$ cat final-v6.pdb   # PDB, C-alpha atoms
ATOM      1  CA  MET A   1     106.058  81.693  92.376
ATOM      2  CA  LEU A   2     103.117  79.764  93.828
ATOM      3  CA  ALA A   3     105.450  77.725  96.043
ATOM      4  CA  ILE A   4     107.094  80.908  97.375
ATOM      5  CA  TYR A   5     103.678  82.477  97.933
ATOM      6  CA  LYS A   6     102.409  79.474  99.912
ATOM      7  CA  LYS A   7     105.620  79.255 101.953
ATOM      8  CA  GLU A   8     105.559  82.948 102.886
ATOM      9  CA  LEU A   9     101.853  82.978 103.691
ATOM     10  CA  ARG A  10     102.206  79.841 105.819
ATOM     11  CA  SER A  11     105.140  81.389 107.686
ATOM     12  CA  TYR A  12     102.973  84.310 108.825
ATOM     13  CA  PHE A  13     100.561  81.945 110.538
ATOM     14  CA  THR A  14     103.144  79.537 111.960
ATOM     15  CA  SER A  15     104.806  82.526 113.630
ATOM     16  CA  MET A  16     103.209  85.401 115.537
ATOM     17  CA  ILE A  17     103.575  88.058 112.842
ATOM     18  CA  GLY A  18     100.438  87.293 110.855
ATOM     19  CA  TRP A  19      98.243  86.835 113.916
ATOM     20  CA  VAL A  20      99.571  89.974 115.604
ATOM     21  CA  PHE A  21      99.052  92.074 112.464
ATOM     22  CA  ILE A  22      95.464  90.885 112.012
ATOM     23  CA  ALA A  23      94.731  91.244 115.732
ATOM     24  CA  PHE A  24      96.029  94.824 115.930
ATOM     25  CA  PHE A  25      94.230  95.776 112.725
ATOM     26  CA  LEU A  26      90.935  94.349 114.002
ATOM     27  CA  VAL A  27      91.357  95.962 117.421
ATOM     28  CA  LEU A  28      91.891  99.386 115.874
ATOM     29  CA  ALA A  29      89.029  98.962 113.408
ATOM     30  CA  GLY A  30      86.773  97.592 116.168
ATOM     31  CA  LEU A  31      87.469 100.514 118.487
ATOM     32  CA  TYR A  32      86.648 103.107 115.833
ATOM     33  CA  PHE A  33      83.614 101.096 114.747
ATOM     34  CA  MET A  34      82.315 100.995 118.311
ATOM     35  CA  VAL A  35      82.969 104.664 119.091
ATOM     36  CA  ILE A  36      82.009 106.264 115.775
ATOM     37  CA  ASN A  37      79.385 103.966 114.308
ATOM     38  CA  LEU A  38      77.775 102.333 117.340
ATOM     39  CA  MET A  39      78.105 104.884 120.152
ATOM     40  CA  ASP A  40      77.849 108.087 118.073
ATOM     41  CA  GLY A  41      75.343 106.604 115.607
ATOM     42  CA  VAL A  42      77.305 107.636 112.484
ATOM     43  CA  THR A  43      76.476 105.438 109.471
ATOM     44  CA  ASN A  44      79.433 106.549 107.329
ATOM     45  CA  PHE A  45      81.760 103.540 107.497
ATOM     46  CA  SER A  46      84.701 105.286 105.807
ATOM     47  CA  TYR A  47      85.452 107.139 109.051
ATOM     48  CA  ILE A  48      86.903 103.894 110.406
ATOM     49  CA  TYR A  49      89.630 103.792 107.766
ATOM     50  CA  GLN A  50      90.349 107.483 108.173
ATOM     51  CA  GLY A  51      90.776 106.867 111.888
ATOM     52  CA  ILE A  52      93.182 103.930 111.616
ATOM     53  CA  GLU A  53      95.069 105.349 108.637
ATOM     54  CA  LEU A  54      97.891 106.894 110.670
ATOM     55  CA  PHE A  55      98.389 103.800 112.855
ATOM     56  CA  PHE A  56      98.372 101.609 109.764
ATOM     57  CA  VAL A  57     100.964 103.692 107.911
ATOM     58  CA  LEU A  58     103.233 104.480 110.863
ATOM     59  CA  LEU A  59     103.092 101.197 112.790
ATOM     60  CA  LEU A  60     101.434  98.218 111.126
ATOM     61  CA  VAL A  61     103.005  98.333 107.660
ATOM     62  CA  PRO A  62     106.603  98.859 108.892
ATOM     63  CA  VAL A  63     106.232  95.977 111.361
ATOM     64  CA  LEU A  64     104.675  93.749 108.709
ATOM     65  CA  THR A  65     107.284  94.405 106.019
ATOM     66  CA  MET A  66     110.457  94.836 108.094
ATOM     67  CA  ARG A  67     111.504  91.177 107.961
ATOM     68  CA  ILE A  68     110.364  90.174 104.483
ATOM     69  CA  VAL A  69     113.792  90.632 102.832
ATOM     70  CA  ALA A  70     115.925  92.023 105.673
ATOM     71  CA  GLU A  71     115.715  88.728 107.535
ATOM     72  CA  GLU A  72     116.956  86.876 104.458
ATOM     73  CA  ASN A  73     119.895  89.295 104.269
ATOM     74  CA  ARG A  74     120.718  88.920 107.976
ATOM     75  CA  GLN A  75     120.672  85.120 107.958
ATOM     76  CA  LYS A  76     122.549  85.035 104.626
ATOM     77  CA  THR A  77     119.785  82.862 103.189
ATOM     78  CA  ASP A  78     119.531  85.464 100.445
ATOM     79  CA  GLN A  79     122.362  83.529  98.782
ATOM     80  CA  LEU A  80     119.872  80.719  98.272
ATOM     81  CA  LEU A  81     117.635  83.190  96.442
ATOM     82  CA  TYR A  82     120.427  84.166  94.101
ATOM     83  CA  THR A  83     121.221  80.539  93.222
ATOM     84  CA  SER A  84     117.635  79.314  93.152
ATOM     85  CA  PRO A  85     116.215  77.989  89.856
ATOM     86  CA  VAL A  86     113.206  80.239  90.495
ATOM     87  CA  SER A  87     113.675  83.742  89.100
ATOM     88  CA  ILE A  88     114.142  86.696  91.441
ATOM     89  CA  SER A  89     111.021  88.282  89.953
ATOM     90  CA  LYS A  90     108.868  85.306  90.951
ATOM     91  CA  ILE A  91     110.380  85.154  94.432
ATOM     92  CA  ILE A  92     109.720  88.830  95.184
ATOM     93  CA  ALA A  93     106.282  88.674  93.560
ATOM     94  CA  GLY A  94     105.423  85.665  95.743
ATOM     95  CA  LYS A  95     106.565  87.471  98.889
ATOM     96  CA  TYR A  96     104.604  90.595  97.950
ATOM     97  CA  LEU A  97     101.416  88.680  97.140
ATOM     98  CA  ALA A  98     101.667  86.847 100.469
ATOM     99  CA  LEU A  99     101.778  90.223 102.263
ATOM    100  CA  LEU A 100      98.788  91.435 100.248
ATOM    101  CA  THR A 101      96.847  88.281 101.091
ATOM    102  CA  LEU A 102      97.475  88.764 104.803
ATOM    103  CA  PHE A 103      96.278  92.359 104.541
ATOM    104  CA  ALA A 104      93.250  91.274 102.488
ATOM    105  CA  ILE A 105      92.251  88.717 105.144
ATOM    106  CA  ALA A 106      92.077  91.492 107.757
ATOM    107  CA  LEU A 107      90.025  93.682 105.395
ATOM    108  CA  VAL A 108      87.607  90.854 104.566
ATOM    109  CA  ILE A 109      86.832  90.482 108.279
ATOM    110  CA  VAL A 110      86.326  94.235 108.647
ATOM    111  CA  SER A 111      84.049  94.160 105.573
ATOM    112  CA  ILE A 112      81.471  92.333 107.692
ATOM    113  CA  TYR A 113      81.059  95.403 109.906
ATOM    114  CA  PRO A 114      78.904  97.414 107.447
ATOM    115  CA  LEU A 115      76.459  94.485 107.283
ATOM    116  CA  ILE A 116      76.254  94.421 111.074
ATOM    117  CA  LEU A 117      75.781  98.177 111.183
ATOM    118  CA  ASP A 118      73.075  98.066 108.529
ATOM    119  CA  HIS A 119      71.237  95.347 110.460
ATOM    120  CA  LEU A 120      71.362  97.458 113.632
ATOM    121  CA  VAL A 121      70.219 100.610 111.825
ATOM    122  CA  ARG A 122      67.275  98.816 110.256
ATOM    123  CA  GLY A 123      66.322  97.485 113.669
ATOM    124  CA  VAL A 124      65.824 101.020 114.970
ATOM    125  CA  ALA A 125      62.504 102.323 113.721
ATOM    126  CA  THR A 126      63.352 106.006 114.232
ATOM    127  CA  ALA A 127      66.785 105.843 112.654
ATOM    128  CA  GLY A 128      65.856 107.472 109.363
ATOM    129  CA  GLU A 129      69.238 106.532 107.945
ATOM    130  CA  SER A 130      70.836 103.553 106.266
ATOM    131  CA  VAL A 131      74.354 102.411 105.578
ATOM    132  CA  ASP A 132      75.686 103.560 102.221
ATOM    133  CA  PHE A 133      77.347 100.394 100.929
ATOM    134  CA  ALA A 134      78.962 102.280  98.041
ATOM    135  CA  ILE A 135      80.893 104.361 100.570
ATOM    136  CA  ALA A 136      81.553 101.395 102.877
ATOM    137  CA  TYR A 137      82.965  99.051 100.271
ATOM    138  CA  GLY A 138      84.390 101.793  98.047
ATOM    139  CA  SER A 139      86.468 103.000 100.994
ATOM    140  CA  THR A 140      87.462  99.392 101.701
ATOM    141  CA  LEU A 141      88.709  98.979  98.129
ATOM    142  CA  GLY A 142      90.552 102.298  98.325
ATOM    143  CA  PHE A 143      92.155 101.336 101.626
ATOM    144  CA  PHE A 144      93.309  98.034 100.140
ATOM    145  CA  LEU A 145      94.943  99.874  97.234
ATOM    146  CA  LEU A 146      96.535 102.372  99.609
ATOM    147  CA  GLY A 147      97.848  99.490 101.715
ATOM    148  CA  ALA A 148      99.176  97.704  98.623
ATOM    149  CA  ALA A 149     101.215 100.788  97.705
ATOM    150  CA  TYR A 150     102.635 101.187 101.217
ATOM    151  CA  ILE A 151     103.435  97.481 101.499
ATOM    152  CA  ALA A 152     105.390  97.703  98.214
ATOM    153  CA  ILE A 153     107.361 100.647  99.634
ATOM    154  CA  GLY A 154     108.049  98.699 102.831
ATOM    155  CA  LEU A 155     109.180  95.702 100.779
ATOM    156  CA  PHE A 156     111.727  97.852  98.952
ATOM    157  CA  ILE A 157     113.075  99.411 102.153
ATOM    158  CA  SER A 158     113.431  95.952 103.707
ATOM    159  CA  SER A 159     115.630  94.914 100.770
ATOM    160  CA  LEU A 160     118.117  97.690 101.553
ATOM    161  CA  THR A 161     119.270  96.464 104.963
ATOM    162  CA  GLU A 162     120.022  93.410 107.074
ATOM    163  CA  SER A 163     118.442  94.862 110.223
ATOM    164  CA  GLN A 164     114.724  94.506 110.828
ATOM    165  CA  VAL A 165     114.820  97.424 113.275
ATOM    166  CA  ILE A 166     116.449  99.729 110.731
ATOM    167  CA  ALA A 167     113.958  98.582 108.091
ATOM    168  CA  ALA A 168     111.013  99.283 110.414
ATOM    169  CA  VAL A 169     112.299 102.705 111.503
ATOM    170  CA  ALA A 170     113.213 103.769 107.958
ATOM    171  CA  SER A 171     109.835 102.607 106.678
ATOM    172  CA  GLY A 172     108.057 104.509 109.424
ATOM    173  CA  VAL A 173     109.969 107.734 108.731
ATOM    174  CA  ILE A 174     109.439 107.564 104.961
ATOM    175  CA  MET A 175     105.787 106.601 105.280
ATOM    176  CA  ILE A 176     104.985 109.352 107.758
ATOM    177  CA  PHE A 177     106.611 111.792 105.326
ATOM    178  CA  THR A 178     104.321 110.560 102.532
ATOM    179  CA  TYR A 179     101.367 110.713 104.933
ATOM    180  CA  LEU A 180     102.084 114.371 105.782
ATOM    181  CA  MET A 181     103.150 115.321 102.261
ATOM    182  CA  SER A 182     100.212 117.643 101.570
ATOM    183  CA  SER A 183     100.601 119.413 104.917
ATOM    184  CA  LEU A 184     104.328 119.862 104.347
ATOM    185  CA  ALA A 185     103.641 121.244 100.873
ATOM    186  CA  GLU A 186     101.609 124.066 102.424
ATOM    187  CA  LEU A 187     104.497 124.999 104.735
ATOM    188  CA  LEU A 188     107.132 125.265 102.018
ATOM    189  CA  PRO A 189     107.878 128.633 100.381
ATOM    190  CA  SER A 190     106.148 128.988  97.042
ATOM    191  CA  GLY A 191     108.569 131.470  95.449
ATOM    192  CA  HIS A 192     110.131 130.441  92.149
ATOM    193  CA  LEU A 193     113.705 131.132  93.335
ATOM    194  CA  PHE A 194     113.399 128.793  96.332
ATOM    195  CA  ILE A 195     111.900 126.063  94.142
ATOM    196  CA  PHE A 196     114.688 126.455  91.585
ATOM    197  CA  TRP A 197     117.434 125.938  94.174
ATOM    198  CA  PHE A 198     115.498 123.113  95.784
ATOM    199  CA  LEU A 199     115.402 121.310  92.442
ATOM    200  CA  VAL A 200     119.109 121.970  91.906
ATOM    201  CA  VAL A 201     119.905 120.237  95.204
ATOM    202  CA  LEU A 202     117.404 117.473  94.473
ATOM    203  CA  ILE A 203     119.127 116.663  91.166
ATOM    204  CA  LEU A 204     122.474 116.430  92.968
ATOM    205  CA  VAL A 205     120.996 114.044  95.545
ATOM    206  CA  VAL A 206     119.417 111.901  92.819
ATOM    207  CA  CYS A 207     122.740 111.758  90.961
ATOM    208  CA  PHE A 208     124.510 110.689  94.146
ATOM    209  CA  ILE A 209     121.997 107.854  94.630
ATOM    210  CA  LEU A 210     122.270 106.924  90.956
ATOM    211  CA  ASN A 211     126.063 106.714  91.210
ATOM    212  CA  PHE A 212     125.712 104.448  94.238
ATOM    213  CA  TRP A 213     123.346 102.303  92.199
ATOM    214  CA  ILE A 214     125.227 101.972  88.884
ATOM    215  CA  HIS A 215     128.826 102.695  90.014
ATOM    216  CA  ASN A 216     129.566 104.733  86.894
ATOM    217  CA  GLY A 217     130.824 108.198  87.802
ATOM    218  CA  TRP A 218     131.158 109.511  84.264
ATOM    219  CA  LEU A 219     127.622 108.521  83.274
ATOM    220  CA  THR A 220     126.232 109.930  86.506
ATOM    221  CA  MET A 221     128.091 113.212  85.965
ATOM    222  CA  LEU A 222     126.796 113.469  82.398
ATOM    223  CA  ILE A 223     123.224 112.865  83.510
ATOM    224  CA  GLY A 224     123.606 115.437  86.300
ATOM    225  CA  ILE A 225     125.007 118.115  83.967
ATOM    226  CA  LEU A 226     122.254 117.556  81.400
ATOM    227  CA  ALA A 227     119.575 117.628  84.101
ATOM    228  CA  GLU A 228     120.901 120.841  85.646
ATOM    229  CA  ALA A 229     121.197 122.469  82.200
ATOM    230  CA  ALA A 230     117.617 121.494  81.389
ATOM    231  CA  LEU A 231     116.456 122.909  84.727
ATOM    232  CA  VAL A 232     118.219 126.240  84.107
ATOM    233  CA  ALA A 233     116.700 126.456  80.613
ATOM    234  CA  LEU A 234     113.210 125.732  81.925
ATOM    235  CA  TYR A 235     113.637 128.279  84.693
ATOM    236  CA  ILE A 236     114.680 131.002  82.246
ATOM    237  CA  LEU A 237     111.853 130.241  79.825
ATOM    238  CA  PHE A 238     109.063 129.539  82.314
ATOM    239  CA  THR A 239     109.992 131.371  85.515
ATOM    240  CA  ASP A 240     106.384 132.073  86.485
ATOM    241  CA  LYS A 241     105.507 128.387  86.206
ATOM    242  CA  PHE A 242     107.893 127.628  89.078
ATOM    243  CA  ASP A 243     105.681 129.491  91.571
ATOM    244  CA  SER A 244     103.983 126.925  93.870
ATOM    245  CA  LEU A 245     105.324 124.146  91.635
ATOM    246  CA  LEU A 246     106.731 122.150  94.553
ATOM    247  CA  GLY A 247     103.588 122.315  96.652
ATOM    248  CA  ASN A 248     101.343 121.389  93.742
ATOM    249  CA  THR A 249     103.612 118.498  92.794
ATOM    250  CA  LEU A 250     103.733 117.086  96.324
ATOM    251  CA  SER A 251      99.960 117.339  96.626
ATOM    252  CA  SER A 252      99.406 115.611  93.287
ATOM    253  CA  ILE A 253     101.640 112.635  94.123
ATOM    254  CA  SER A 254     100.434 112.236  97.711
ATOM    255  CA  ILE A 255      99.511 108.596  98.337
ATOM    256  CA  VAL A 256      97.000 109.384 101.069
ATOM    257  CA  ASP A 257      95.161 112.151  99.175
ATOM    258  CA  ARG A 258      94.321 109.738  96.358
ATOM    259  CA  TYR A 259      92.201 107.776  98.806
ATOM    260  CA  SER A 260      89.726 110.627  99.387
ATOM    261  CA  ASN A 261      87.444 109.836  96.416
ATOM    262  CA  PHE A 262      87.125 106.197  97.466
ATOM    263  CA  ALA A 263      86.079 107.408 100.937
ATOM    264  CA  LEU A 264      83.202 109.257  99.244
ATOM    265  CA  GLY A 265      82.079 106.143  97.390
ATOM    266  CA  ILE A 266      83.528 107.343  94.064
ATOM    267  CA  PHE A 267      85.424 104.820  91.968
ATOM    268  CA  ASP A 268      88.434 106.895  90.923
ATOM    269  CA  VAL A 269      90.101 105.267  87.910
ATOM    270  CA  SER A 270      93.071 107.638  88.020
ATOM    271  CA  ALA A 271      93.688 106.756  91.673
ATOM    272  CA  LEU A 272      93.392 103.056  90.824
ATOM    273  CA  VAL A 273      96.033 103.420  88.101
ATOM    274  CA  TYR A 274      98.199 105.503  90.454
ATOM    275  CA  TYR A 275      98.152 102.917  93.260
ATOM    276  CA  ILE A 276      98.837 100.037  90.883
ATOM    277  CA  SER A 277     101.708 102.015  89.318
ATOM    278  CA  VAL A 278     103.282 102.822  92.702
ATOM    279  CA  SER A 279     102.982  99.191  93.798
ATOM    280  CA  PHE A 280     104.472  97.916  90.540
ATOM    281  CA  LEU A 281     107.290 100.494  90.630
ATOM    282  CA  PHE A 282     108.523  99.581  94.100
ATOM    283  CA  VAL A 283     108.203  95.841  93.522
ATOM    284  CA  PHE A 284     110.145  96.310  90.270
ATOM    285  CA  ILE A 285     112.991  98.308  91.832
ATOM    286  CA  THR A 286     113.152  95.762  94.671
ATOM    287  CA  ILE A 287     113.687  93.046  92.060
ATOM    288  CA  GLN A 288     116.346  95.129  90.325
ATOM    289  CA  ARG A 289     118.046  95.836  93.646
ATOM    290  CA  ILE A 290     118.319  92.107  94.430
ATOM    291  CA  LYS A 291     119.408  91.255  90.887
ATOM    292  CA  LYS A 292     122.189  93.830  91.226
ATOM    293  CA  LYS A 293     123.423  92.134  94.418
ATOM    294  CA  ARG A 294     123.196  88.775  92.680
ATOM    295  CA  TYR A 295     125.455  89.823  89.821
ATOM    296  CA  ASN A 296     127.917  91.480  92.186
TER     297      ASN A 296
END

$ encode --input "final-v6.pdb" --output "structure tokens"
Amino acid sequence: MLAIYKKELRSYFTSMIGWVFIAFFLVLAGLYFMVINLMDGVTNFSYIYQGIELFFVLLLVPVLTMRIVAEENRQKTDQLLYTSPVSISKIIAGKYLALLTLFAIALVIVSIYPLILDHLVRGVATAGESVDFAIAYGSTLGFFLLGAAYIAIGLFISSLTESQVIAAVASGVIMIFTYLMSSLAELLPSGHLFIFWFLVVLILVVCFILNFWIHNGWLTMLIGILAEAALVALYILFTDKFDSLLGNTLSSISIVDRYSNFALGIFDVSALVYYISVSFLFVFITIQRIKKKRYN
């Protein structure tokens, strides 16, 4: 795994991808730092991450992750992965850790900004304020975890196609949906009947994807029938519980909303576990996806 990690990390700096990612990230962070913290005199450093959040999710992560596996598929060098003595798990883990390291390098540079801001604030006698380092570095940690989750999602999407453009566009669409998840939840009808039929359709879609994954129609049909029967039973027994269920669920699993406590300087253990779980889940299913291709 270490050899894969070093190779991938080196490739980012021997090509333009790593430098462009870091440059764009620093430009965005620098602009918000200058406008919000220096020009407006705001000492809350977390506003920087809130400002660049949309650009990071919609643009930077899709561009960073689009080639990580898709390029291997396009050049057919993925066959080397399947026959390599190194396990698929170690290869994907090495690729993912290389992406995280590149992201961490950009964040480490940005982490110097609160020290600069604090020095400037202390140099002004009438300031009356100081930089809250708990908020500054708590939000930095939270943003790293948020980025780790999105990078894992981008890694998985890249494994599904041979085209970098398709991987980037698909990642952008899915990530903007997760970014707007809470807002979309407020727009959806909250009536129990709508939610029931939505879940019925959702189960059918999941079964279709499952059949594509395992290629076993009978097993997929059995799972679908059992799931639909369970849904009908739950709806009959707990009809009132279905009111606003969809909106509450979307809000509770929103990736972006989990960041809010870190932006306040609060170390949220549940959010930490959530981000680690999301990252692990998508890295795991990426590994399973590639193993499935290997055996086929």

$ residues_around --input "final-v6.pdb" --residues "A:Ser171" --least-positions-apart "3" --cutoff "12 Å" --atoms "all atoms listed in the file" --output "PyMOL selection string"
chain A and resi 56-67+150-161+164-168+174-179

$ write_last_selection --input "final-v6.pdb" --atoms "C-alpha atoms" --output "compact mmCIF listing (two decimals), in the frame of the given file"
# COMPACT_ATOMS: atom_id res chain seq x y z
CA PHE A 56 98.37 101.61 109.76
CA VAL A 57 100.96 103.69 107.91
CA LEU A 58 103.23 104.48 110.86
CA LEU A 59 103.09 101.20 112.79
CA LEU A 60 101.43 98.22 111.13
CA VAL A 61 103.00 98.33 107.66
CA PRO A 62 106.60 98.86 108.89
CA VAL A 63 106.23 95.98 111.36
CA LEU A 64 104.68 93.75 108.71
CA THR A 65 107.28 94.40 106.02
CA MET A 66 110.46 94.84 108.09
CA ARG A 67 111.50 91.18 107.96
CA TYR A 150 102.64 101.19 101.22
CA ILE A 151 103.44 97.48 101.50
CA ALA A 152 105.39 97.70 98.21
CA ILE A 153 107.36 100.65 99.63
CA GLY A 154 108.05 98.70 102.83
CA LEU A 155 109.18 95.70 100.78
CA PHE A 156 111.73 97.85 98.95
CA ILE A 157 113.08 99.41 102.15
CA SER A 158 113.43 95.95 103.71
CA SER A 159 115.63 94.91 100.77
CA LEU A 160 118.12 97.69 101.55
CA THR A 161 119.27 96.46 104.96
CA GLN A 164 114.72 94.51 110.83
CA VAL A 165 114.82 97.42 113.28
CA ILE A 166 116.45 99.73 110.73
CA ALA A 167 113.96 98.58 108.09
CA ALA A 168 111.01 99.28 110.41
CA ILE A 174 109.44 107.56 104.96
CA MET A 175 105.79 106.60 105.28
CA ILE A 176 104.98 109.35 107.76
CA PHE A 177 106.61 111.79 105.33
CA THR A 178 104.32 110.56 102.53
CA TYR A 179 101.37 110.71 104.93

$ atom_distance --input "final-v6.pdb" --atom1 "atom CA of A:Tyr32" --atom2 "atom CA of A:Leu9"
28.0 Å

$ residues_around --input "final-v6.pdb" --residues "stretch 33-36 of chain A" --least-positions-apart "5" --cutoff "9 Å" --atoms "only C-alpha atoms" --output "PyMOL selection string"
chain A and resi 28+41-45+47-48+113

$ write_last_selection --input "final-v6.pdb" --atoms "C-alpha atoms" --output "compact mmCIF listing (two decimals), keeping the file's coordinate frame"
# COMPACT_ATOMS: atom_id res chain seq x y z
CA LEU A 28 91.89 99.39 115.87
CA GLY A 41 75.34 106.60 115.61
CA VAL A 42 77.31 107.64 112.48
CA THR A 43 76.48 105.44 109.47
CA ASN A 44 79.43 106.55 107.33
CA PHE A 45 81.76 103.54 107.50
CA TYR A 47 85.45 107.14 109.05
CA ILE A 48 86.90 103.89 110.41
CA TYR A 113 81.06 95.40 109.91

$ atom_distance --input "final-v6.pdb" --atom1 "atom CA of A:Ile17" --atom2 "atom CA of A:Ile112"
23.1 Å

$ atom_distance --input "final-v6.pdb" --atom1 "atom CA of A:Tyr259" --atom2 "atom CA of A:Ala149"
11.5 Å

$ resolve_selection --input "final-v6.pdb" --expression "the PyMOL selection byres ((chain A and resi 204) around 12)" --output "CSV table (one decimal) with C-alpha atoms, in the frame of the given file"
chain,number,residue,atom,x,y,z
A,197,TRP,CA,117.4,125.9,94.2
A,198,PHE,CA,115.5,123.1,95.8
A,199,LEU,CA,115.4,121.3,92.4
A,200,VAL,CA,119.1,122.0,91.9
A,201,VAL,CA,119.9,120.2,95.2
A,202,LEU,CA,117.4,117.5,94.5
A,203,ILE,CA,119.1,116.7,91.2
A,205,VAL,CA,121.0,114.0,95.5
A,206,VAL,CA,119.4,111.9,92.8
A,207,CYS,CA,122.7,111.8,91.0
A,208,PHE,CA,124.5,110.7,94.1
A,209,ILE,CA,122.0,107.9,94.6
A,210,LEU,CA,122.3,106.9,91.0
A,211,ASN,CA,126.1,106.7,91.2
A,220,THR,CA,126.2,109.9,86.5
A,221,MET,CA,128.1,113.2,86.0
A,222,LEU,CA,126.8,113.5,82.4
A,223,ILE,CA,123.2,112.9,83.5
A,224,GLY,CA,123.6,115.4,86.3
A,225,ILE,CA,125.0,118.1,84.0
A,226,LEU,CA,122.3,117.6,81.4
A,227,ALA,CA,119.6,117.6,84.1
A,228,GLU,CA,120.9,120.8,85.6

$ closest_residue --input "final-v6.pdb" --among "A:Val173, A:Ala93, A:Ala136, A:Leu231" --to "A:Lys6" --atoms "all atoms listed in the file"
A:Ala93

$ axis_aligned_box --input "final-v6.pdb" --around "stretch 239-251 of chain A" --padding-each-side "5 Å" --output "AutoDock Vina command-line options"
--center_x 105.0 --center_y 124.6 --center_z 91.1 --size_x 20.0 --size_y 25.0 --size_z 21.1

$ residues_around --input "final-v6.pdb" --residues "A:Tyr12" --least-positions-apart "5" --cutoff "12 Å" --atoms "only C-alpha atoms" --output "list in words"
Tyr5, Lys6, Lys7, Ile17, Gly18, Trp19, Val20, Phe21, Ile22, Leu64, Thr65, Arg67, Ile68, Lys95, Ala98, Leu99, Leu100, Thr101, Leu102 and Phe103 of chain A
